[in-house]
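Asks: Next comes the structure file data31.csv, holding CSV, C-alpha atoms.
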chain,number,residue,atom,x,y,z
G,1,MET,CA,9.5,-25.6,3.3
G,2,GLN,CA,8.0,-24.0,6.4
G,3,TYR,CA,4.3,-23.0,6.7
G,4,ARG,CA,2.4,-20.4,8.7
G,5,ARG,CA,-1.3,-20.1,9.6
G,6,PHE,CA,-2.7,-17.5,7.1
G,7,GLY,CA,-4.8,-15.6,9.6
G,8,ARG,CA,-8.5,-16.6,9.9
G,9,THR,CA,-8.5,-18.5,6.7
G,10,GLN,CA,-6.7,-21.2,8.7
G,11,LEU,CA,-4.8,-22.1,5.5
G,12,GLN,CA,-1.3,-23.4,6.1
G,13,MET,CA,0.6,-21.0,3.8
G,14,PRO,CA,4.2,-21.6,2.7
G,15,ILE,CA,6.4,-18.8,3.7
G,16,PHE,CA,7.2,-18.2,0.0
G,17,SER,CA,4.5,-17.9,-2.7
G,18,CYS,CA,4.8,-18.4,-6.4
G,19,GLY,CA,3.8,-15.1,-7.9
G,20,GLY,CA,2.5,-15.1,-11.4
G,21,MET,CA,3.3,-11.6,-12.9
G,22,ARG,CA,6.7,-12.4,-14.5
G,23,TYR,CA,6.4,-15.8,-16.1
G,24,GLN,CA,3.6,-15.1,-18.5
G,25,TYR,CA,4.0,-14.8,-22.3
G,26,SER,CA,2.2,-11.5,-22.6
G,27,TRP,CA,0.8,-8.7,-20.5
G,28,GLN,CA,-2.1,-8.7,-22.9
G,29,ASP,CA,-4.7,-11.4,-23.3
G,30,ARG,CA,-3.8,-13.8,-26.1
G,31,PRO,CA,-5.4,-17.0,-27.3
G,32,MET,CA,-3.5,-20.1,-26.4
G,33,TRP,CA,-2.4,-20.8,-29.9
G,34,ARG,CA,-0.5,-17.6,-30.0
G,35,ILE,CA,1.6,-18.4,-26.9
G,36,ARG,CA,5.0,-19.7,-27.8
G,37,ARG,CA,5.8,-23.2,-26.7
G,38,TYR,CA,9.0,-22.2,-24.9
G,39,SER,CA,6.9,-19.8,-22.7
G,40,GLN,CA,4.4,-22.5,-21.7
G,41,ARG,CA,7.2,-25.1,-21.1
G,42,ASN,CA,9.0,-22.5,-18.8
G,43,LEU,CA,5.9,-21.7,-16.9
G,44,GLU,CA,5.1,-25.4,-16.3
G,45,ALA,CA,8.7,-26.0,-15.2
G,46,ILE,CA,8.4,-23.1,-12.7
G,47,VAL,CA,5.2,-24.6,-11.3
G,48,ARG,CA,6.7,-28.1,-10.9
G,49,ARG,CA,9.8,-26.7,-9.3
G,50,SER,CA,7.7,-24.6,-6.9
G,51,LEU,CA,5.8,-27.8,-5.8
G,52,GLU,CA,9.0,-29.7,-5.6
G,53,VAL,CA,10.3,-27.3,-2.9
G,54,GLY,CA,7.0,-27.1,-1.1
G,55,ILE,CA,5.6,-23.9,-2.5
G,56,ASN,CA,2.0,-24.8,-3.2
G,57,HIS,CA,0.5,-21.2,-3.3
G,58,PHE,CA,0.1,-19.8,-6.8
G,59,GLU,CA,-0.8,-16.1,-7.0
G,60,THR,CA,-1.9,-14.5,-10.2
G,61,ALA,CA,-4.4,-11.9,-11.5
G,62,ARG,CA,-6.8,-11.1,-14.3
G,63,ALA,CA,-4.6,-8.1,-15.1
G,64,TYR,CA,-1.5,-10.3,-15.6
G,65,GLY,CA,-2.2,-10.9,-19.3
G,66,THR,CA,-1.8,-14.6,-20.2
G,67,SER,CA,-0.7,-15.7,-16.7
G,68,GLU,CA,-4.1,-17.3,-15.8
G,69,LEU,CA,-4.6,-18.9,-19.2
G,70,GLN,CA,-1.2,-20.5,-19.1
G,71,LEU,CA,-1.6,-21.7,-15.5
G,72,GLY,CA,-4.9,-23.3,-16.6
G,73,ARG,CA,-2.9,-25.7,-18.8
G,74,ILE,CA,-1.2,-27.3,-15.8
G,75,LEU,CA,-3.2,-26.7,-12.6
G,76,PRO,CA,-5.9,-29.3,-13.6
G,77,LYS,CA,-3.1,-31.9,-13.9
G,78,LEU,CA,-2.2,-31.4,-10.2
G,79,PRO,CA,-3.9,-32.6,-7.0
G,80,ARG,CA,-6.4,-29.7,-6.4
G,81,GLU,CA,-6.6,-30.4,-2.6
G,82,GLN,CA,-2.8,-29.7,-2.3
G,83,LEU,CA,-2.9,-26.3,-4.1
G,84,ILE,CA,-3.7,-22.8,-2.8
G,85,VAL,CA,-4.8,-20.8,-5.8
G,86,GLN,CA,-5.2,-17.0,-5.7
G,87,THR,CA,-6.3,-14.6,-8.4
G,88,LYS,CA,-7.2,-10.9,-8.3
G,89,MET,CA,-9.9,-8.7,-10.0
G,90,MET,CA,-9.4,-5.0,-10.6
G,91,ALA,CA,-11.3,-3.0,-7.9
G,92,GLU,CA,-11.7,-0.1,-10.3
G,93,SER,CA,-14.2,-2.1,-12.5
G,94,SER,CA,-17.9,-1.9,-12.1
G,95,PRO,CA,-19.4,-4.8,-10.0
G,96,GLN,CA,-20.9,-6.3,-13.2
G,97,GLU,CA,-17.6,-6.2,-15.0
G,98,PHE,CA,-15.9,-7.6,-11.8
G,99,ARG,CA,-18.2,-10.6,-12.0
G,100,ARG,CA,-17.6,-11.1,-15.7
G,101,ASN,CA,-13.9,-10.9,-15.2
G,102,PHE,CA,-14.0,-13.4,-12.4
G,103,GLU,CA,-15.9,-15.9,-14.5
G,104,LYS,CA,-13.2,-15.5,-17.2
G,105,SER,CA,-10.5,-16.1,-14.7
G,106,LEU,CA,-12.1,-19.3,-13.5
G,107,ALA,CA,-12.5,-20.5,-17.0
G,108,ASN,CA,-8.9,-19.6,-17.8
G,109,LEU,CA,-7.6,-21.4,-14.7
G,110,LYS,CA,-9.9,-24.4,-15.5
G,111,LEU,CA,-10.9,-24.6,-11.8
G,112,ASP,CA,-14.2,-24.9,-10.0
G,113,TYR,CA,-13.2,-22.5,-7.4
G,114,VAL,CA,-10.3,-20.3,-6.1
G,115,ASP,CA,-9.1,-20.4,-2.6
G,116,LEU,CA,-8.3,-16.7,-2.4
G,117,LEU,CA,-9.8,-13.9,-4.4
G,118,GLY,CA,-8.3,-10.4,-4.1
G,119,LEU,CA,-9.8,-7.1,-4.9
G,120,HIS,CA,-6.8,-5.8,-6.9
G,121,GLY,CA,-5.6,-2.2,-6.3
G,122,ILE,CA,-7.4,-0.8,-3.3
G,123,ASN,CA,-5.1,2.2,-3.5
G,124,THR,CA,-7.4,5.1,-2.7
G,125,HIS,CA,-10.3,5.9,-0.3
G,126,GLY,CA,-12.6,6.2,-3.4
G,127,ILE,CA,-11.8,2.7,-4.6
G,128,LEU,CA,-12.2,1.3,-1.1
G,129,HIS,CA,-15.6,3.0,-0.8
G,130,ASP,CA,-16.8,1.6,-4.2
G,131,SER,CA,-15.6,-1.9,-3.1
G,132,VAL,CA,-17.3,-2.2,0.3
G,133,ARG,CA,-20.5,-0.1,-0.3
G,134,PRO,CA,-23.8,-1.9,-0.7
G,135,GLY,CA,-24.0,-3.3,-4.2
G,136,GLY,CA,-20.2,-3.0,-4.6
G,137,HIS,CA,-17.5,-5.6,-5.3
G,138,LEU,CA,-17.7,-7.3,-2.0
G,139,ASP,CA,-21.4,-8.0,-2.5
G,140,VAL,CA,-20.5,-9.8,-5.7
G,141,VAL,CA,-17.8,-11.8,-3.8
G,142,ARG,CA,-20.2,-12.9,-1.1
G,143,LYS,CA,-22.5,-14.4,-3.8
G,144,LEU,CA,-19.5,-16.2,-5.3
G,145,GLN,CA,-18.7,-17.5,-1.9
G,146,GLU,CA,-22.3,-18.8,-1.5
G,147,GLN,CA,-21.9,-20.6,-4.8
G,148,GLY,CA,-18.7,-22.2,-3.7
G,149,LYS,CA,-16.6,-20.5,-6.3
G,150,VAL,CA,-14.5,-18.5,-3.8
G,151,ARG,CA,-13.3,-19.6,-0.4
G,152,PHE,CA,-11.7,-16.4,1.1
G,153,VAL,CA,-11.6,-12.7,0.1
G,154,GLY,CA,-8.8,-10.2,0.5
G,155,PHE,CA,-7.3,-7.2,-1.2
G,156,SER,CA,-4.0,-6.1,-2.7
G,157,THR,CA,-2.8,-2.5,-2.4
G,158,HIS,CA,-0.1,-0.1,-3.4
G,159,GLY,CA,-1.9,2.6,-1.4
G,160,SER,CA,-0.9,4.8,1.5
G,161,THR,CA,-0.9,3.3,5.0
G,162,ASP,CA,-4.0,5.2,6.0
G,163,VAL,CA,-6.0,3.7,3.1
G,164,ILE,CA,-4.7,0.2,3.9
G,165,VAL,CA,-5.6,0.5,7.6
G,166,LYS,CA,-9.1,1.8,6.8
G,167,ALA,CA,-9.7,-1.2,4.5
G,168,ILE,CA,-8.5,-3.6,7.2
G,169,GLU,CA,-10.7,-2.0,9.8
G,170,THR,CA,-13.8,-2.7,7.8
G,171,ASN,CA,-13.2,-6.3,9.0
G,172,GLN,CA,-14.6,-7.5,5.6
G,173,PHE,CA,-11.3,-9.1,4.4
G,174,ASP,CA,-9.5,-12.3,5.3
G,175,TYR,CA,-6.1,-11.3,4.1
G,176,VAL,CA,-4.0,-8.4,2.6
G,177,ASN,CA,-1.3,-8.2,-0.1
G,178,LEU,CA,0.9,-5.2,0.7
G,179,HIS,CA,4.4,-3.8,0.4
G,180,TRP,CA,6.8,-4.0,3.4
G,181,TYR,CA,10.5,-4.8,3.5
G,182,TYR,CA,13.7,-3.6,5.1
G,183,ILE,CA,14.2,-0.5,2.9
G,184,ASN,CA,10.5,0.6,3.3
G,185,GLN,CA,8.8,-0.2,6.6
G,186,VAL,CA,6.1,2.5,6.5
G,187,ASN,CA,3.3,0.0,6.3
G,188,TRP,CA,4.1,-1.7,9.6
G,189,PRO,CA,1.0,-0.1,11.3
G,190,ALA,CA,-1.1,-1.8,8.6
G,191,ILE,CA,0.5,-5.2,9.3
G,192,GLU,CA,-0.2,-4.7,13.0
G,193,ALA,CA,-3.8,-3.8,12.1
G,194,ALA,CA,-4.1,-7.0,10.0
G,195,ASN,CA,-2.9,-9.1,12.9
G,196,ARG,CA,-5.5,-7.5,15.2
G,197,HIS,CA,-8.1,-8.6,12.7
G,198,ASP,CA,-6.5,-12.1,12.3
G,199,MET,CA,-5.9,-11.5,8.6
G,200,GLY,CA,-3.3,-13.2,6.4
G,201,VAL,CA,-0.4,-11.0,5.5
G,202,PHE,CA,1.2,-11.5,2.0
G,203,ILE,CA,4.2,-9.3,1.1
G,204,ILE,CA,4.3,-8.1,-2.5
G,205,SER,CA,7.6,-8.2,-4.5
G,206,PRO,CA,10.1,-8.1,-1.7
G,207,SER,CA,13.0,-8.8,-4.0
G,208,ASP,CA,12.1,-6.3,-6.8
G,209,LYS,CA,10.2,-3.5,-5.1
G,210,GLY,CA,12.3,-4.2,-2.1
G,211,GLY,CA,15.4,-3.0,-3.9
G,212,MET,CA,16.0,-5.0,-7.1
G,213,LEU,CA,17.9,-7.4,-4.8
G,214,TYR,CA,18.6,-9.8,-7.6
G,215,LYS,CA,21.3,-7.3,-8.8
G,216,PRO,CA,22.4,-5.4,-5.7
G,217,SER,CA,25.1,-2.8,-5.4
G,218,GLU,CA,28.5,-3.9,-4.2
G,219,LYS,CA,28.1,-1.7,-1.2
G,220,LEU,CA,24.8,-3.4,-0.2
G,221,VAL,CA,26.5,-6.8,-0.7
G,222,GLU,CA,29.2,-5.8,1.7
G,223,LEU,CA,26.8,-4.4,4.3
G,224,CYS,CA,24.6,-7.5,4.3
G,225,ALA,CA,27.5,-10.1,4.5
G,226,PRO,CA,27.6,-12.9,5.2
G,227,LEU,CA,24.1,-13.1,3.7
G,228,SER,CA,23.2,-11.9,0.2
G,229,PRO,CA,20.9,-8.8,0.2
G,230,MET,CA,18.1,-11.0,-1.0
G,231,VAL,CA,18.5,-13.6,1.8
G,232,PHE,CA,18.9,-10.8,4.3
G,233,ASN,CA,15.7,-9.1,3.3
G,234,ASP,CA,13.8,-12.4,3.3
G,235,LEU,CA,15.1,-13.2,6.8
G,236,PHE,CA,14.3,-9.7,8.0
G,237,CYS,CA,10.7,-10.0,6.8
G,238,LEU,CA,10.1,-13.5,8.0
G,239,SER,CA,11.7,-12.9,11.4
G,240,HIS,CA,8.4,-11.0,12.1
G,241,PRO,CA,5.8,-13.7,12.8
G,242,GLN,CA,3.1,-11.2,11.8
G,243,VAL,CA,4.3,-11.8,8.2
G,244,HIS,CA,3.0,-15.0,6.7
G,245,THR,CA,4.3,-15.3,3.1
G,246,LEU,CA,6.6,-13.5,0.7
G,247,SER,CA,5.9,-13.4,-3.0
G,248,LEU,CA,8.6,-14.7,-5.4
G,249,GLY,CA,7.9,-13.6,-8.9
G,250,ALA,CA,9.8,-16.3,-10.7
G,251,ASP,CA,10.5,-16.1,-14.4
G,252,LYS,CA,12.6,-19.3,-14.5
G,253,PRO,CA,12.7,-22.4,-12.3
G,254,THR,CA,16.0,-21.5,-10.6
G,255,ASP,CA,14.6,-18.2,-9.3
G,256,PHE,CA,13.6,-20.0,-6.1
G,257,ASP,CA,17.0,-21.4,-5.2
G,258,GLU,CA,18.6,-18.4,-3.4
G,259,HIS,CA,15.5,-17.8,-1.3
G,260,LEU,CA,15.5,-21.4,-0.1
G,261,ASN,CA,18.8,-20.6,1.8
G,262,VAL,CA,16.6,-18.7,4.3
G,263,LEU,CA,14.9,-21.9,5.6
G,264,GLU,CA,17.9,-23.1,7.6
G,265,LEU,CA,18.4,-19.6,9.1
G,266,LEU,CA,15.0,-18.8,10.4
G,267,ASP,CA,15.6,-20.2,13.8
G,268,ARG,CA,18.8,-18.2,14.1
G,269,ALA,CA,17.4,-14.8,13.0
G,270,GLU,CA,17.9,-13.2,16.4
G,271,GLU,CA,21.6,-14.2,16.2
G,272,ILE,CA,22.2,-13.3,12.6
G,273,LEU,CA,20.3,-10.1,11.9
G,274,PRO,CA,21.4,-7.6,14.6
G,275,SER,CA,24.9,-7.1,13.3
G,276,ILE,CA,23.7,-6.5,9.8
G,277,LEU,CA,21.0,-4.1,10.9
G,278,VAL,CA,23.6,-2.1,12.9
G,279,ARG,CA,25.9,-1.9,9.9
G,280,LEU,CA,23.1,-0.7,7.6
G,281,GLU,CA,22.0,2.0,10.1
G,282,GLN,CA,25.6,3.1,10.8
G,283,GLU,CA,26.3,3.4,7.1
G,284,ALA,CA,23.2,5.5,6.6
G,285,ILE,CA,24.2,7.8,9.5
G,286,ALA,CA,27.8,8.1,8.3
G,287,THR,CA,26.6,9.1,4.8
G,288,LEU,CA,23.5,11.2,5.6
G,289,GLY,CA,24.0,12.4,9.1
G,290,GLU,CA,22.4,11.1,12.3
G,291,ASP,CA,19.9,13.9,12.7
G,292,TRP,CA,18.6,13.4,9.1
G,293,VAL,CA,18.3,9.6,9.5
G,294,LYS,CA,16.3,10.0,12.6
G,295,THR,CA,14.1,12.9,11.6
G,296,TRP,CA,13.7,13.0,7.8
G,297,GLN,CA,10.3,11.4,7.8
G,298,ILE,CA,8.7,13.7,10.5
G,299,GLY,CA,6.0,16.0,9.3
G,300,LEU,CA,6.2,15.4,5.6
G,301,PRO,CA,3.1,16.1,3.6
G,302,SER,CA,1.4,13.6,1.3
G,303,TYR,CA,1.6,14.4,-2.4
G,304,THR,CA,-2.0,15.6,-2.4
G,305,GLU,CA,-1.0,18.3,0.1
G,306,THR,CA,2.0,19.4,-1.8
G,307,PRO,CA,2.2,22.1,-4.6
G,308,GLY,CA,2.8,20.4,-7.9
G,309,LEU,CA,1.8,17.0,-6.4
G,310,VAL,CA,5.5,16.4,-5.6
G,311,ASN,CA,5.8,13.1,-3.7
G,312,ILE,CA,8.2,14.5,-1.2
G,313,PRO,CA,8.5,11.4,1.1
G,314,VAL,CA,9.3,9.1,-1.9
G,315,VAL,CA,11.7,11.5,-3.5
G,316,LEU,CA,13.7,11.9,-0.3
G,317,TRP,CA,13.6,8.2,0.4
G,318,LEU,CA,15.0,7.4,-3.0
G,319,ARG,CA,17.8,9.9,-2.5
G,320,ASN,CA,18.6,8.4,0.9
G,321,LEU,CA,18.9,4.9,-0.7
G,322,THR,CA,21.1,6.2,-3.5
G,323,LEU,CA,23.6,8.0,-1.2
G,324,ALA,CA,23.6,5.5,1.7
G,325,TYR,CA,23.6,2.2,-0.2
G,326,ASP,CA,24.5,3.0,-3.8
G,327,MET,CA,21.1,1.9,-4.9
G,328,ALA,CA,21.0,4.3,-7.8
G,329,GLU,CA,19.6,1.9,-10.4
G,330,TYR,CA,16.7,1.0,-8.2
G,331,ALA,CA,16.1,4.6,-7.2
G,332,LYS,CA,16.2,5.9,-10.7
G,333,MET,CA,13.7,3.3,-11.9
G,334,ARG,CA,11.3,4.2,-9.1
G,335,TYR,CA,11.8,8.0,-9.4
G,336,ASN,CA,11.2,8.1,-13.1
G,337,MET,CA,7.9,6.1,-12.7
G,338,LEU,CA,6.5,9.1,-10.8
G,339,ASP,CA,4.0,11.2,-12.9
G,340,GLY,CA,2.9,8.2,-15.0
G,341,ALA,CA,1.8,5.4,-12.7
G,342,SER,CA,-1.5,6.9,-11.5
G,343,HIS,CA,-2.6,5.7,-8.0
G,344,TRP,CA,-0.3,2.7,-8.3
G,345,PHE,CA,2.8,4.9,-7.6
G,346,PRO,CA,1.3,8.4,-7.3
G,347,GLY,CA,2.7,11.9,-7.3
G,348,SER,CA,5.2,13.8,-9.3
G,349,ARG,CA,9.0,14.2,-9.6
G,350,ALA,CA,10.9,17.2,-8.2
G,351,ASP,CA,11.8,18.8,-11.4
G,352,ARG,CA,9.8,22.0,-10.7
G,353,VAL,CA,10.8,22.6,-7.1
G,354,ARG,CA,12.2,26.0,-7.7
G,355,GLU,CA,8.9,27.2,-9.0
G,356,LEU,CA,6.9,25.9,-6.0
G,357,ASP,CA,6.4,27.4,-2.6
G,358,LEU,CA,6.7,24.5,-0.2
G,359,ARG,CA,6.8,26.5,3.0
G,360,TYR,CA,3.3,25.8,4.1
G,361,CYS,CA,3.2,22.1,3.3
G,362,LEU,CA,6.5,21.6,5.1
G,363,ARG,CA,5.5,23.6,8.2
G,364,HIS,CA,5.5,20.5,10.4
G,365,SER,CA,8.9,19.2,9.3
G,366,PRO,CA,12.0,19.9,11.4
G,367,ASN,CA,14.0,19.9,8.1
G,368,ALA,CA,11.8,22.3,6.2
G,369,ASP,CA,14.6,24.7,5.4
G,370,LYS,CA,16.8,22.1,3.8
G,371,ILE,CA,14.3,19.9,2.0
G,372,PRO,CA,13.8,22.1,-1.2
G,373,ALA,CA,17.5,21.9,-1.9
G,374,LEU,CA,17.6,18.2,-1.2
G,375,LEU,CA,14.6,17.7,-3.6
G,376,GLU,CA,16.5,19.5,-6.3
G,377,ASP,CA,19.6,17.4,-5.6
G,378,ALA,CA,17.4,14.2,-5.9
G,379,HIS,CA,16.2,15.3,-9.3
G,380,ARG,CA,19.7,16.0,-10.4
G,381,ILE,CA,21.0,12.6,-9.6
G,382,LEU,CA,17.9,10.5,-10.4
G,383,ALA,CA,16.1,12.1,-13.4
G,384,GLY,CA,16.1,10.1,-16.6
G,385,GLU,CA,13.7,8.7,-19.2
G,386,ARG,CA,10.2,8.0,-18.0
G,387,VAL,CA,9.6,4.5,-16.7
G,388,LYS,CA,6.4,2.6,-17.2
G,389,ARG,CA,4.9,0.0,-14.9
G,390,LEU,CA,5.3,-3.6,-16.1
G,391,SER,CA,1.6,-3.8,-16.9
G,392,GLN,CA,1.9,-0.6,-19.1
G,393,GLN,CA,4.7,-2.0,-21.3
Would you encode the structure as structure tokens?
Replies:
Amino acid sequence: MQYRRFGRTQLQMPIFSCGGMRYQYSWQDRPMWRIRRYSQRNLEAIVRRSLEVGINHFETARAYGTSELQLGRILPKLPREQLIVQTKMMAESSPQEFRRNFEKSLANLKLDYVDLLGLHGINTHGILHDSVRPGGHLDVVRKLQEQGKVRFVGFSTHGSTDVIVKAIETNQFDYVNLHWYYINQVNWPAIEAANRHDMGVFIISPSDKGGMLYKPSEKLVELCAPLSPMVFNDLFCLSHPQVHTLSLGADKPTDFDEHLNVLELLDRAEEILPSILVRLEQEAIATLGEDWVKTWQIGLPSYTETPGLVNIPVVLWLRNLTLAYDMAEYAKMRYNMLDGASHWFPGSRADRVRELDLRYCLRHSPNADKIPALLEDAHRILAGERVKRLSQQ
């Protein structure tokens, strides 16, 4: 395993983290006696395999159902000084509820303290304000730090880049959990801001939200050769020293294995990546047109500025992935999550485009004339049954 300094925390963070949102028995709280033995045995096997390969960072959340409770059955059996344990509390709760939830988490984990505590879901300016205002969540965290129950504080986010940068620029956080990977690099300015503030940078779900790379399309496999798409994406992310760790949401012990192939490639990233990056870009240009590839993101409105709350950037992005890389399964899953995921994946689908006048909101786009038809086409190829977030299932 390789390790990187996790910003001003000074923690030596493994470049892969063991994420805890897929190995739990239930997304709802359950007493331990109701958790099946096979689930607990599997979780403990994952933890032991993680440590075996040098991954000593375990990341979970109060909102991950039985994840904390199940971890609490094995963590006390392990050398505490060798572990980096992180949990997260919902930032939408009241400060009082936030404190109660934290105490429940600590009891579930059977620990005296956590190394990293994240404010979970700083996705909007309003949630950010409520978290950092006097008497807000951060004040609660500061008291927990004084009591020795929390070492460092950060935040997780599915929000827009401007929200993330604003949170970073408060200089109140030691690290950030955010999305960034090859197919979606819009949060790079946030990563640069985090580095300016010497914050740790944790990438959320690079293999799932980064394109369901555990079951890639044949076309993507060919374009990423000789690497698998999963290894390519890991190498792409980790070739940037500003990125410190990638979350691996394992649901069985063998889920780490393919990722470990990256370790021997890191020193050769500059040799290996360029040809793959060129192939991916050339394929996008051949499929979508060079002008579109280079200009499609320019001047697009946010969903809050768009009639019908249509999330135009996301809809067009998913259409691009479908056409350029045959990533239809991934694109359909994400597209049909719109309308129902609140601020975790906001905005609406493009099913009502013909009823909407988009001229004003697209006034800054060089592609304004063609976008309405492309949105209709995206809905035609991507629409399906509504999809819920994992935590809603």
Asks: Tell me which of G:Asp369, G:Glu218, G:Glu264, G:Glu305 sits closest to Met1 in chain G, counting only C-alpha atoms.
Replies: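 Of G:Asp369, G:Glu218, G:Glu264, G:Glu305, the one nearest Met1 in chain G, counting only C-alpha atoms, is G:Glu264.
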Asks: Taking only C-alpha atoms into account, name the residue in G:His379, G:Arg22, G:His240, G:Arg49 that is nearest to Leu273 in chain G.
Replies: G:His240
Asks: Of the candidates G:Gln185, G:Ile272, G:Ala250, G:Lys332, which shows the shortest atom-to-atom distance to Pro226 in chain G, using only C-alpha atoms?
Replies: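 Looking at the shortest contact to Pro226 in chain G, the residue is G:Ile272.
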Asks: Please identify all polymer residues within 12 Å of Leu138 in chain G, counting all atoms listed in the file, omitting same-chain residues fewer than 4 positions from it, and present them as a PyMOL selection string.
Replies: chain G and resi 89+91+94-96+98-99+117-119+127-134+142-145+150+152-155+167+170-173
Asks: May I ask which of the residues G:Ile35, G:Ile298, G:Ala225, G:Leu116 is the closest one to Leu280 in chain G, counting all atoms listed in the file?
Replies: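 So, comparing all the options, the nearest one is G:Ala225.
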Asks: Using Å and a single decimal, report how far CA of Tyr182 in chain G sits from CA of Glu271 in chain G.
Replies: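 CA of Tyr182 in chain G lies at a distance of 17.3 Å from CA of Glu271 in chain G.
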Asks: One decimal, in Å: what's the spacing between CA of His343 in chain G and CA of Thr304 in chain G?
Replies: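 Pair CA of His343 in chain G / CA of Thr304 in chain G returns 11.4 Å.
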Asks: Record the distance separating CA of Glu355 in chain G and CA of Leu309 in chain G, expressed in Å with one decimal.
Replies: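 If I compute the distance from CA of Glu355 in chain G to CA of Leu309 in chain G, I get 12.7 Å.
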Asks: If you count only C-alpha atoms, which residues fall within 12 Å of Glu222 in chain G, apart from same-chain ones fewer than 6 positions away, as an MDAnalysis selection string?
Replies: chainID G and resid 216 228:229 232 276 279:280 283 325:326
